[in-house]
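Reproduced below: start_17.txt, with compact mmCIF, C-alpha atoms (C1' of nucleotides).
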# COMPACT_ATOMS: atom_id res chain seq x y z
CA MET Z 1 -119.48 -2.70 -48.20
CA ALA Z 2 -118.97 0.43 -46.20
CA PHE Z 3 -115.58 1.75 -45.32
CA SER Z 4 -114.22 0.56 -41.98
CA PHE Z 5 -111.03 0.24 -39.98
CA GLN Z 6 -110.28 -2.58 -37.60
CA VAL Z 7 -107.29 -2.35 -35.31
CA GLY Z 8 -105.55 -5.69 -34.90
CA PHE Z 9 -102.50 -5.92 -32.68
CA LYS Z 10 -101.18 -3.04 -30.65
CA ASP Z 11 -97.53 -2.95 -29.75
CA LYS Z 12 -96.90 -2.91 -25.99
CA ASN Z 13 -93.77 -0.78 -26.00
CA THR Z 14 -94.59 1.74 -28.70
CA ASP Z 15 -97.74 3.31 -30.15
CA ALA Z 16 -97.53 1.10 -33.21
CA ARG Z 17 -100.54 -0.95 -34.27
CA CYS Z 18 -101.54 -3.04 -37.23
CA GLY Z 19 -105.02 -3.32 -38.66
CA ILE Z 20 -107.25 -3.71 -41.68
CA LEU Z 21 -108.91 -1.02 -43.76
CA THR Z 22 -111.96 -2.19 -45.67
CA THR Z 23 -112.93 -0.34 -48.83
CA GLN Z 24 -115.23 -0.81 -51.81
CA HIS Z 25 -112.27 -2.26 -53.68
CA GLY Z 26 -110.96 -4.59 -51.05
CA GLU Z 27 -109.05 -4.77 -47.80
CA ILE Z 28 -105.79 -3.06 -46.97
CA LYS Z 29 -103.44 -4.27 -44.28
CA THR Z 30 -101.94 -1.49 -42.20
CA PRO Z 31 -99.45 0.02 -41.67
CA VAL Z 32 -99.50 0.60 -45.41
CA PHE Z 33 -97.37 2.54 -47.83
CA MET Z 34 -99.30 3.95 -50.78
CA SER Z 35 -97.40 4.40 -54.02
CA VAL Z 36 -97.99 7.69 -55.74
CA GLY Z 37 -99.56 7.40 -59.18
CA THR Z 38 -100.44 10.97 -59.99
CA PHE Z 39 -101.60 10.55 -63.58
CA GLY Z 40 -102.92 7.01 -63.49
CA ALA Z 41 -99.74 5.00 -63.14
CA VAL Z 42 -96.97 4.74 -60.63
CA ARG Z 43 -94.34 6.36 -62.79
CA ALA Z 44 -92.23 3.85 -64.74
CA LEU Z 45 -94.26 0.90 -63.47
CA ASP Z 46 -97.45 -0.71 -64.67
CA HIS Z 47 -100.19 -2.44 -62.75
CA ILE Z 48 -98.78 -5.91 -63.35
CA ASP Z 49 -95.57 -4.72 -61.68
CA LEU Z 50 -97.57 -3.28 -58.79
CA GLU Z 51 -99.57 -6.46 -58.32
CA SER Z 52 -96.47 -8.63 -58.35
CA ILE Z 53 -94.94 -6.38 -55.71
CA GLY Z 54 -98.09 -6.61 -53.62
CA VAL Z 55 -99.06 -2.94 -53.75
CA GLN Z 56 -102.38 -2.68 -51.94
CA ILE Z 57 -103.50 0.83 -52.85
CA ILE Z 58 -102.28 3.64 -55.05
CA LEU Z 59 -102.69 7.36 -54.73
CA GLY Z 60 -104.09 9.64 -57.40
CA ASN Z 61 -104.16 13.42 -57.56
CA THR Z 62 -107.41 15.33 -57.83
CA TYR Z 63 -105.54 18.42 -58.94
CA HIS Z 64 -103.95 16.72 -61.95
CA LEU Z 65 -106.91 14.55 -62.89
CA TYR Z 66 -109.22 17.54 -62.81
CA LEU Z 67 -107.08 19.21 -65.48
CA ARG Z 68 -106.59 15.99 -67.44
CA PRO Z 69 -108.53 13.94 -68.32
CA GLY Z 70 -111.19 16.04 -66.57
CA ALA Z 71 -114.67 15.25 -65.33
CA GLU Z 72 -116.34 14.54 -68.67
CA THR Z 73 -113.90 11.84 -69.72
CA LEU Z 74 -113.97 10.26 -66.28
CA LYS Z 75 -117.77 10.14 -66.31
CA ARG Z 76 -117.84 8.64 -69.79
CA ARG Z 77 -115.28 6.00 -68.82
CA GLY Z 78 -117.28 5.17 -65.70
CA GLY Z 79 -114.74 6.44 -63.17
CA TYR Z 80 -111.06 6.32 -62.57
CA HIS Z 81 -110.73 2.64 -61.71
CA LYS Z 82 -112.19 1.71 -65.08
CA LEU Z 83 -110.21 4.31 -66.98
CA ILE Z 84 -106.90 3.03 -65.66
CA HIS Z 85 -107.81 -0.66 -65.33
CA TRP Z 86 -106.96 -0.89 -61.64
CA ASP Z 87 -109.42 -2.64 -59.38
CA ARG Z 88 -107.65 -2.31 -56.06
CA PRO Z 89 -108.29 0.69 -53.78
CA ILE Z 90 -107.39 4.24 -54.72
CA LEU Z 91 -106.88 7.23 -52.47
CA THR Z 92 -107.03 10.70 -53.93
CA ASP Z 93 -105.28 13.73 -52.58
CA SER Z 94 -107.51 16.77 -52.89
CA GLY Z 95 -104.95 19.10 -54.39
CA GLY Z 96 -104.42 21.18 -51.28
CA PHE Z 97 -100.74 20.39 -51.37
CA GLN Z 98 -100.35 21.14 -55.09
CA ILE Z 99 -102.02 24.49 -54.58
CA PHE Z 100 -99.53 25.16 -51.82
CA SER Z 101 -96.44 23.89 -53.57
CA LEU Z 102 -96.72 24.61 -57.25
CA PRO Z 103 -95.21 27.86 -58.44
CA HIS Z 104 -98.19 29.15 -60.32
CA GLN Z 105 -100.43 32.01 -59.44
CA ARG Z 106 -103.42 31.24 -57.29
CA VAL Z 107 -105.81 33.15 -55.09
CA ILE Z 108 -107.11 31.50 -51.94
CA THR Z 109 -110.26 32.98 -50.45
CA GLU Z 110 -112.83 31.69 -48.03
CA ASP Z 111 -114.85 30.44 -51.00
CA GLY Z 112 -112.06 28.30 -52.35
CA VAL Z 113 -108.98 28.52 -54.49
CA GLU Z 114 -108.60 29.99 -57.95
CA PHE Z 115 -105.57 28.74 -59.87
CA ARG Z 116 -104.20 28.62 -63.38
CA SER Z 117 -104.04 25.35 -65.24
CA TYR Z 118 -100.46 24.42 -66.01
CA LEU Z 119 -101.75 22.91 -69.24
CA ASP Z 120 -103.42 25.89 -70.87
CA GLN Z 121 -103.11 28.73 -68.34
CA ALA Z 122 -106.91 28.85 -68.04
CA LEU Z 123 -108.32 30.04 -64.74
CA ARG Z 124 -109.81 27.16 -62.76
CA PHE Z 125 -111.50 27.04 -59.40
CA PHE Z 126 -111.90 24.57 -56.57
CA SER Z 127 -114.36 25.08 -53.78
CA PRO Z 128 -114.45 22.45 -51.05
CA GLU Z 129 -117.77 21.35 -52.54
CA SER Z 130 -116.66 21.14 -56.17
CA ASN Z 131 -113.49 19.38 -55.09
CA ILE Z 132 -115.44 16.61 -53.36
CA GLU Z 133 -117.85 16.42 -56.25
CA PHE Z 134 -114.90 15.77 -58.54
CA GLN Z 135 -113.32 13.21 -56.21
CA GLU Z 136 -116.64 11.37 -56.33
CA VAL Z 137 -116.51 11.45 -60.13
CA ILE Z 138 -113.07 9.86 -59.82
CA GLY Z 139 -114.67 7.25 -57.60
CA SER Z 140 -111.89 7.37 -55.04
CA ASP Z 141 -112.14 4.87 -52.19
CA ILE Z 142 -110.55 7.36 -49.82
CA MET Z 143 -111.03 11.04 -50.54
CA MET Z 144 -109.18 13.82 -48.81
CA VAL Z 145 -110.66 17.14 -47.77
CA LEU Z 146 -109.41 20.28 -49.49
CA ASP Z 147 -107.02 21.77 -46.97
CA VAL Z 148 -104.83 24.82 -46.65
CA CYS Z 149 -101.21 23.79 -46.39
CA VAL Z 150 -98.53 26.25 -45.29
CA PRO Z 151 -94.79 25.80 -44.69
CA SER Z 152 -94.08 24.27 -41.31
CA THR Z 153 -91.84 27.25 -40.65
CA SER Z 154 -94.79 29.65 -40.95
CA SER Z 155 -95.55 32.12 -38.18
CA ARG Z 156 -98.09 31.08 -35.61
CA ASP Z 157 -100.59 33.56 -37.00
CA ILE Z 158 -100.36 32.26 -40.55
CA ALA Z 159 -100.43 28.65 -39.37
CA ALA Z 160 -103.48 29.34 -37.20
CA ARG Z 161 -105.45 31.00 -39.97
CA ALA Z 162 -104.62 28.21 -42.45
CA MET Z 163 -105.67 25.67 -39.85
CA GLU Z 164 -108.96 27.42 -39.09
CA ARG Z 165 -109.84 27.68 -42.76
CA THR Z 166 -108.92 24.02 -43.17
CA HIS Z 167 -111.47 23.20 -40.46
CA ARG Z 168 -114.22 25.25 -42.09
CA TRP Z 169 -113.46 23.68 -45.43
CA ALA Z 170 -113.41 20.21 -43.84
CA LEU Z 171 -116.98 20.72 -42.66
CA ARG Z 172 -118.03 21.92 -46.11
CA CYS Z 173 -116.35 18.91 -47.73
CA LYS Z 174 -118.13 16.58 -45.35
CA LYS Z 175 -121.48 18.16 -46.14
CA ALA Z 176 -120.76 17.95 -49.86
CA GLN Z 177 -120.15 14.22 -49.76
CA LYS Z 178 -122.96 12.27 -51.44
CA ASN Z 179 -121.56 8.78 -51.82
CA HIS Z 180 -120.93 7.51 -48.30
CA ALA Z 181 -119.69 4.13 -49.47
CA ASN Z 182 -116.35 5.83 -49.97
CA ALA Z 183 -114.40 7.44 -47.14
CA LEU Z 184 -113.53 11.09 -46.66
CA PHE Z 185 -110.58 11.87 -44.40
CA GLY Z 186 -109.98 15.10 -42.51
CA ILE Z 187 -106.54 16.69 -42.47
CA VAL Z 188 -104.88 18.08 -39.35
CA GLN Z 189 -102.84 21.23 -39.83
CA GLY Z 190 -101.14 23.52 -37.32
CA ALA Z 191 -97.51 23.54 -38.49
CA ILE Z 192 -95.11 23.04 -35.60
CA TYR Z 193 -97.23 24.52 -32.80
CA GLU Z 194 -98.42 22.00 -30.24
CA ASP Z 195 -101.48 23.99 -29.22
CA LEU Z 196 -102.56 24.35 -32.85
CA ARG Z 197 -102.03 20.66 -33.55
CA THR Z 198 -104.07 19.80 -30.48
CA GLU Z 199 -106.82 22.20 -31.47
CA SER Z 200 -106.85 20.91 -35.04
CA ALA Z 201 -107.05 17.28 -33.98
CA GLN Z 202 -109.94 18.07 -31.64
CA ALA Z 203 -111.86 20.17 -34.15
CA LEU Z 204 -111.62 17.49 -36.81
CA THR Z 205 -112.42 14.69 -34.38
CA GLU Z 206 -115.65 16.50 -33.56
CA LEU Z 207 -116.56 16.32 -37.25
CA ASP Z 208 -116.26 12.53 -36.95
CA PHE Z 209 -114.33 11.56 -40.06
CA PRO Z 210 -113.67 7.87 -40.79
CA GLY Z 211 -109.96 8.66 -40.88
CA TYR Z 212 -107.54 11.48 -40.19
CA ALA Z 213 -104.48 12.69 -41.97
CA ILE Z 214 -101.54 14.53 -40.49
CA GLY Z 215 -100.82 17.22 -43.05
CA GLY Z 216 -98.38 20.07 -43.17
CA LEU Z 217 -95.27 18.02 -42.43
CA ALA Z 218 -92.24 17.35 -44.62
CA VAL Z 219 -92.61 20.95 -45.75
CA GLY Z 220 -89.61 22.60 -44.16
CA GLU Z 221 -89.22 21.31 -40.61
CA THR Z 222 -86.26 19.32 -39.30
CA ASP Z 223 -86.28 15.55 -38.98
CA ASP Z 224 -86.64 15.79 -35.22
CA GLU Z 225 -89.50 18.26 -35.48
CA ARG Z 226 -91.22 16.00 -37.96
CA GLU Z 227 -90.87 13.01 -35.66
CA HIS Z 228 -92.06 14.98 -32.65
CA PHE Z 229 -95.11 16.46 -34.34
CA THR Z 230 -96.01 13.19 -36.00
CA HIS Z 231 -96.04 11.49 -32.62
CA PHE Z 232 -97.68 14.42 -30.89
CA THR Z 233 -100.46 14.73 -33.47
CA ALA Z 234 -101.07 11.00 -33.77
CA SER Z 235 -101.56 10.81 -30.00
CA LYS Z 236 -104.35 13.41 -30.21
CA LEU Z 237 -106.33 11.47 -32.81
CA PRO Z 238 -108.97 8.78 -32.09
CA ALA Z 239 -107.35 5.38 -31.56
CA ASN Z 240 -110.04 3.55 -33.50
CA LYS Z 241 -109.60 5.54 -36.71
CA PRO Z 242 -106.83 5.25 -39.30
CA ARG Z 243 -104.06 7.85 -39.21
CA TYR Z 244 -102.43 8.91 -42.42
CA LEU Z 245 -99.18 10.85 -42.48
CA MET Z 246 -99.21 12.70 -45.78
CA GLY Z 247 -96.20 12.87 -48.04
CA VAL Z 248 -93.77 11.03 -45.77
CA GLY Z 249 -91.17 9.73 -46.24
CA THR Z 250 -87.80 8.04 -45.99
CA PRO Z 251 -87.50 4.51 -44.61
CA HIS Z 252 -86.53 5.98 -41.21
CA ASP Z 253 -89.48 8.39 -41.34
CA LEU Z 254 -91.80 5.44 -41.92
CA VAL Z 255 -90.45 3.27 -39.13
CA ARG Z 256 -90.38 6.15 -36.65
CA SER Z 257 -93.92 7.11 -37.63
CA VAL Z 258 -95.20 3.57 -37.30
CA ARG Z 259 -93.75 3.67 -33.79
CA ALA Z 260 -95.85 6.81 -33.28
CA GLY Z 261 -99.06 5.06 -34.31
CA VAL Z 262 -99.37 6.07 -37.96
CA ASP Z 263 -101.18 3.61 -40.22
CA MET Z 264 -100.86 5.04 -43.71
CA PHE Z 265 -98.17 6.79 -45.74
CA ASP Z 266 -97.56 8.04 -49.22
CA CYS Z 267 -94.41 9.49 -50.68
CA ILE Z 268 -92.75 10.06 -54.01
CA ILE Z 269 -89.34 9.12 -52.64
CA PRO Z 270 -89.15 5.47 -53.74
CA THR Z 271 -90.16 6.22 -57.32
CA ASN Z 272 -88.79 9.73 -57.68
CA HIS Z 273 -85.40 8.85 -56.25
CA ALA Z 274 -85.37 5.64 -58.27
CA ARG Z 275 -85.23 7.65 -61.46
CA GLN Z 276 -82.16 9.46 -60.14
CA GLY Z 277 -80.55 6.13 -59.40
CA VAL Z 278 -81.06 5.95 -55.65
CA ALA Z 279 -82.01 2.47 -54.48
CA TYR Z 280 -83.21 1.68 -50.96
CA ALA Z 281 -82.69 -1.61 -49.18
CA PHE Z 282 -82.48 -3.26 -45.79
CA SER Z 283 -78.75 -3.25 -46.43
CA GLY Z 284 -78.79 0.52 -46.88
CA LYS Z 285 -79.14 3.16 -49.57
CA VAL Z 286 -77.28 2.65 -52.84
CA LYS Z 287 -76.53 5.68 -55.00
CA LEU Z 288 -76.23 3.88 -58.29
CA ARG Z 289 -74.81 6.83 -60.23
CA ARG Z 290 -71.57 6.65 -58.29
CA ALA Z 291 -68.64 5.75 -60.50
CA ALA Z 292 -67.66 2.93 -58.16
CA TYR Z 293 -70.74 0.94 -59.15
CA ALA Z 294 -69.80 0.84 -62.82
CA VAL Z 295 -68.04 -2.44 -62.22
CA SER Z 296 -69.96 -3.82 -59.26
CA ASP Z 297 -71.15 -7.35 -59.80
CA GLU Z 298 -73.31 -7.21 -56.64
CA PRO Z 299 -77.07 -6.73 -56.79
CA VAL Z 300 -78.56 -3.72 -54.99
CA ASP Z 301 -79.25 -6.01 -52.05
CA SER Z 302 -78.16 -9.64 -52.07
CA SER Z 303 -80.85 -10.50 -49.53
CA CYS Z 304 -83.66 -8.97 -51.61
CA ALA Z 305 -86.00 -11.35 -53.38
CA CYS Z 306 -87.22 -8.94 -56.05
CA PHE Z 307 -86.51 -9.92 -59.64
CA VAL Z 308 -84.23 -6.95 -60.12
CA CYS Z 309 -81.93 -8.07 -57.32
CA GLN Z 310 -82.24 -11.70 -58.40
CA ARG Z 311 -81.05 -11.00 -61.90
CA TYR Z 312 -79.25 -7.67 -62.27
CA SER Z 313 -76.01 -6.17 -60.97
CA ARG Z 314 -75.37 -2.66 -59.69
CA ALA Z 315 -73.13 -2.22 -62.73
CA TYR Z 316 -76.04 -2.83 -65.08
CA LEU Z 317 -78.37 -0.51 -63.19
CA HIS Z 318 -75.59 2.10 -63.09
CA GLN Z 319 -75.27 1.81 -66.86
CA LEU Z 320 -79.02 2.12 -67.47
CA ILE Z 321 -79.42 5.09 -65.15
CA LYS Z 322 -76.40 6.90 -66.60
CA CYS Z 323 -77.84 6.40 -70.07
CA ASP Z 324 -81.31 7.65 -69.07
CA GLU Z 325 -82.67 4.35 -70.24
CA PRO Z 326 -86.35 4.01 -69.24
CA THR Z 327 -85.77 0.38 -68.29
CA GLY Z 328 -83.43 1.65 -65.59
CA TRP Z 329 -86.20 3.80 -64.15
CA ARG Z 330 -88.48 0.80 -64.15
CA LEU Z 331 -86.01 -1.60 -62.55
CA VAL Z 332 -84.99 0.74 -59.74
CA SER Z 333 -88.60 1.90 -59.21
CA PHE Z 334 -89.64 -1.73 -59.03
CA HIS Z 335 -86.96 -2.53 -56.48
CA ASN Z 336 -87.70 0.53 -54.33
CA THR Z 337 -91.43 -0.08 -54.37
CA TRP Z 338 -90.74 -3.71 -53.50
CA PHE Z 339 -88.51 -2.60 -50.62
CA TYR Z 340 -91.08 -0.15 -49.25
CA GLU Z 341 -93.74 -2.86 -49.46
CA ARG Z 342 -91.51 -5.40 -47.69
CA LEU Z 343 -90.62 -2.82 -45.03
CA MET Z 344 -94.30 -2.22 -44.27
CA GLU Z 345 -94.98 -5.94 -44.36
CA ARG Z 346 -92.15 -6.46 -41.90
CA CYS Z 347 -93.55 -3.75 -39.61
CA ARG Z 348 -96.94 -5.47 -39.65
CA SER Z 349 -95.50 -8.88 -38.81
CA GLU Z 350 -93.23 -7.53 -36.10
CA ILE Z 351 -96.16 -5.68 -34.52
CA ALA Z 352 -98.32 -8.80 -34.69
CA GLY Z 353 -95.46 -10.83 -33.21
CA GLY Z 354 -94.85 -8.39 -30.37
CA THR Z 355 -91.29 -7.68 -31.45
CA PHE Z 356 -91.73 -4.37 -33.24
CA ASP Z 357 -89.94 -2.27 -30.63
CA ARG Z 358 -86.75 -4.28 -30.96
CA PHE Z 359 -87.01 -4.53 -34.74
CA SER Z 360 -87.61 -0.83 -35.23
CA ARG Z 361 -84.78 0.21 -32.91
CA GLU Z 362 -82.40 -2.08 -34.69
CA PHE Z 363 -83.56 -0.87 -38.10
CA LEU Z 364 -83.14 2.77 -37.16
CA SER Z 365 -79.70 2.24 -35.69
CA THR Z 366 -78.26 -0.03 -38.38
CA VAL Z 367 -79.85 0.83 -41.72
CA GLU Z 368 -78.70 3.98 -43.46
CA ASP Z 369 -81.59 6.29 -44.32
C1' G X 1 -44.58 21.69 -103.91
C1' U X 2 -47.80 26.35 -103.87
C1' G X 3 -51.99 29.02 -101.87
C1' G X 4 -55.85 29.30 -98.26
C1' C X 5 -58.43 27.94 -93.76
C1' U X 6 -58.34 25.99 -88.78
C1' G X 7 -55.86 24.68 -84.13
C1' U X 8 -59.15 27.21 -76.76
C1' A X 9 -60.97 21.40 -71.08
C1' G X 10 -62.67 14.46 -72.54
C1' U X 11 -66.20 16.63 -76.66
C1' C X 12 -68.66 20.92 -79.12
C1' A X 13 -67.62 25.89 -78.65
C1' A X 14 -67.69 31.71 -77.32
C1' G X 15 -63.91 35.21 -77.18
C1' C X 16 -61.03 38.88 -82.29
C1' G X 17 -55.62 43.87 -77.57
C1' G X 18 -57.48 45.33 -71.44
C1' U X 19 -59.93 43.13 -64.88
C1' U X 20 -60.35 36.23 -61.97
C1' A X 21 -60.92 32.59 -70.47
C1' A X 22 -68.66 32.55 -71.74
C1' G X 23 -71.83 28.53 -72.44
C1' A X 24 -73.30 23.40 -73.56
C1' C X 25 -72.45 18.16 -73.21
C1' A X 26 -69.62 14.60 -70.62
C1' A X 27 -67.30 13.59 -65.94
C1' U X 28 -67.24 13.76 -60.30
C1' G X 29 -69.94 14.73 -55.87
C1' G X 30 -74.54 16.40 -53.49
C1' A X 31 -79.87 17.37 -53.12
C1' U X 32 -84.78 15.45 -53.57
C1' U X 33 -90.54 13.79 -48.37
C1' G X 34 -99.59 14.77 -49.93
C1' U X 35 -94.69 13.84 -58.29
C1' G X 36 -95.67 20.32 -63.22
C1' A X 37 -88.50 15.47 -61.33
C1' U X 38 -85.42 12.78 -68.33
C1' U X 39 -85.32 18.00 -62.18
C1' C X 40 -82.06 21.11 -59.16
C1' C X 41 -77.12 22.53 -56.97
C1' A X 42 -71.77 22.34 -56.65
C1' U X 43 -66.92 21.13 -58.69
C1' C X 44 -64.36 20.80 -63.30
C1' A X 45 -58.41 25.26 -68.42
C1' U X 46 -52.67 29.69 -63.30
C1' G X 47 -54.50 27.78 -69.19
C1' C X 48 -55.78 29.12 -75.33
C1' G X 49 -50.92 23.37 -80.69
C1' C X 50 -45.47 24.61 -79.87
C1' G X 51 -41.25 28.43 -79.82
C1' G X 52 -39.99 33.38 -80.23
C1' G X 53 -41.35 38.65 -80.77
C1' U X 54 -44.29 43.54 -80.50
C1' U X 55 -47.00 46.05 -76.38
C1' C X 56 -47.98 49.00 -70.04
C1' A X 57 -51.17 44.69 -71.41
C1' A X 58 -51.59 38.92 -76.12
C1' A X 59 -56.09 33.28 -76.63
C1' U X 60 -56.51 37.79 -79.54
C1' C X 61 -51.17 41.37 -83.46
C1' C X 62 -46.24 39.72 -85.97
C1' C X 63 -42.43 35.84 -87.23
C1' G X 64 -41.13 30.82 -87.18
C1' U X 65 -42.63 25.89 -86.49
C1' C X 66 -45.86 21.53 -86.07
C1' A X 67 -50.65 19.25 -87.02
C1' G X 68 -55.40 18.79 -89.56
C1' C X 69 -58.58 20.19 -93.62
C1' C X 70 -59.51 22.33 -98.55
C1' A X 71 -57.95 23.97 -103.35
C1' C X 72 -54.34 24.08 -107.23
C1' C X 73 -49.91 22.02 -109.39
Go through the file and emit its structure as C-alpha cells.
Amino acid sequence: MAFSFQVGFKDKNTDARCGILTTQHGEIKTPVFMSVGTFGAVRALDHIDLESIGVQIILGNTYHLYLRPGAETLKRRGGYHKLIHWDRPILTDSGGFQIFSLPHQRVITEDGVEFRSYLDQALRFFSPESNIEFQEVIGSDIMMVLDVCVPSTSSRDIAARAMERTHRWALRCKKAQKNHANALFGIVQGAIYEDLRTESAQALTELDFPGYAIGGLAVGETDDEREHFTHFTASKLPANKPRYLMGVGTPHDLVRSVRAGVDMFDCIIPTNHARQGVAYAFSGKVKLRRAAYAVSDEPVDSSCACFVCQRYSRAYLHQLIKCDEPTGWRLVSFHNTWFYERLMERCRSEIAGGTFDRFSREFLSTVED
RNA sequence: GUGGCUGUAGUCAAGCGGUUAAGACAAUGGAUUGUGAUUCCAUCAUGCGCGGGUUCAAAUCCCGUCAGCCACC
C-alpha cells in the first residue's frame, strides 16, 4: 500500500486538523507524537510498553544507525523493523540535525558532509544520495531528506545559504529514492526570516513531496518566535500534505502547534526529562527530585490512568530517581510517553468534536508547561 | 600507664607560615526541544576538635587539653 495522507476534520476556529497517515506498516492517526528511539528502543522502555501506551510510530536516527549497526548488519537482518522486532511504522531522521548539533569536526560541502564517527573517529561521509540509500536499507516508512540545519539566530546570509543548499539536496534525495512505497519528506529551513520560510516552503512544494517538515526550530529562538514561525511556515505548506514539526516540544509547544496546523511531532523531552525526574501531566509538571516529594503519597497525576499513576506514589518515584535506579527511568518515561500520547489523542478527539479551540485555550492557560 | 599517629563541611579529602580554605560525593535549587543526557549549571566551612601562645601573618609552628586509632607495658 502506498503512502498517503487523508485529512479528516478541520477545526473551524484554528488551523488544527486531524487525519490519517497510511504507511507500509499501518495507519497513524494525526496529530501524532512520535517517540524518539535513536538506537532501536525508546530509551528505558521496550516495545511492549510502547504498545500498551498506544505509541503509533517511533523515530530512528540514520546518523546513529549508519555508525552502528551499519548497512551490512541491517541488510543481513532484513531491515530495521526485523532487527528491532517492531512492526509498526518507523520514521528516520536523516542526520542533518546531528551533523549540525554534535560537537565533532565535520566539513559540509556541496557534495555532502564529511564527519568523524564518534565510535572510532573514522572519517565518514554522507551525500544526499548515500543518505537516502541507507534510509532505504533501514526500511524506514517515512524518510527525511538530508538538510542543512543552522541556529535560528543565524544571520540572514547564513540562513539563506543553508536553505538553498537544503533545497538542492532535497532534489538530489528525491532523485535518489528507489523504493516509492515508503515516503520521503522535504524539510523547510529559513531560520526566523519570513521571506526565507516562504521561499523554502514554495521551493519544496514544487518538488512535490508526500509530506513536509518544518526544520530549524527549537534551535535557539524564543518561544514566541517558535510559535510564530511554526504557524507562518505551516500556512505556506500544502493543506493536503502532512506537516511535521521537527524536534518539538513541550506540551504547550505541541498544543500551540496543533492549533497552527501541524500534524506530526517528535521530541526527546518526555523520555529525556523523565530520566531527570521530570514528569508531565494534565495536572502540571512534577519535578520529582524535589525534596518535598520524598514523603508524598500522591501519584504523579491522580486522574492519570497509566499503571505508574495507578500504583506508585511520588515518594517512590522520587526515591528511584534519586538512586539512579533504572526502574525509575522506566516508570517516569512510561508515564510521560503515556501523557504525550493521551494529549495527542485528546487533541484529535477535540478537533473531531469541534471543541478544540476551547480545549486548547484552556489547556494553555491552566496547565503548567 | 607509656610511646606514636590522626583530628579540616553530612561523608571522603587537599592544604604543611602569607591574598577571599582545592576537589569529589551527598544535599538544595535550576536547566534540558529532529537523544553522543546515569548530562549540564548554580548554591553549599567568616571556618580547620577545644583552650592558650609565638609571629606583621597560624588549618599550618609551640604548650596544654579532649577524642579516636595503633603499639608496648
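Selected on chain X by distance to chain Z: U33, G34, U35, G36, A37 and U38 of chain X (within 7 Å, counting all atoms listed in the file).
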Dump as a PDB file with C-alpha atoms, in the frame of the given file all residues having an atom at most 9 Å from (-114.1, 14.7, -48.1), computed in the file's coordinates with only C-alpha atoms (C1' of nucleotides).
ATOM      1  CA  SER Z  94    -107.510  16.770 -52.890  1.00  0.00           C
ATOM      2  CA  PRO Z 128    -114.450  22.450 -51.050  1.00  0.00           C
ATOM      3  CA  GLU Z 129    -117.770  21.350 -52.540  1.00  0.00           C
ATOM      4  CA  ASN Z 131    -113.490  19.380 -55.090  1.00  0.00           C
ATOM      5  CA  ILE Z 132    -115.440  16.610 -53.360  1.00  0.00           C
ATOM      6  CA  GLN Z 135    -113.320  13.210 -56.210  1.00  0.00           C
ATOM      7  CA  ILE Z 142    -110.550   7.360 -49.820  1.00  0.00           C
ATOM      8  CA  MET Z 143    -111.030  11.040 -50.540  1.00  0.00           C
ATOM      9  CA  MET Z 144    -109.180  13.820 -48.810  1.00  0.00           C
ATOM     10  CA  VAL Z 145    -110.660  17.140 -47.770  1.00  0.00           C
ATOM     11  CA  LEU Z 146    -109.410  20.280 -49.490  1.00  0.00           C
ATOM     12  CA  ALA Z 170    -113.410  20.210 -43.840  1.00  0.00           C
ATOM     13  CA  LEU Z 171    -116.980  20.720 -42.660  1.00  0.00           C
ATOM     14  CA  ARG Z 172    -118.030  21.920 -46.110  1.00  0.00           C
ATOM     15  CA  CYS Z 173    -116.350  18.910 -47.730  1.00  0.00           C
ATOM     16  CA  LYS Z 174    -118.130  16.580 -45.350  1.00  0.00           C
ATOM     17  CA  LYS Z 175    -121.480  18.160 -46.140  1.00  0.00           C
ATOM     18  CA  ALA Z 176    -120.760  17.950 -49.860  1.00  0.00           C
ATOM     19  CA  GLN Z 177    -120.150  14.220 -49.760  1.00  0.00           C
ATOM     20  CA  ALA Z 183    -114.400   7.440 -47.140  1.00  0.00           C
ATOM     21  CA  LEU Z 184    -113.530  11.090 -46.660  1.00  0.00           C
ATOM     22  CA  PHE Z 185    -110.580  11.870 -44.400  1.00  0.00           C
ATOM     23  CA  GLY Z 186    -109.980  15.100 -42.510  1.00  0.00           C
ATOM     24  CA  PHE Z 209    -114.330  11.560 -40.060  1.00  0.00           C
TER      25      PHE Z 209
END
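CA of Ala305 (chain Z) is found 17.9 Å from CA of Leu45 (chain Z).
Interatomic distance, C1' of G10 (chain X) against C1' of A59 (chain X): 20.4 Å.
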- request: Give me the residues within 12 Å of C61 (chain X) as number ranges by chain, counting all atoms listed in the file and dropping any in the same chain fewer than 4 places off.
  value: X: 16-17, 53-55
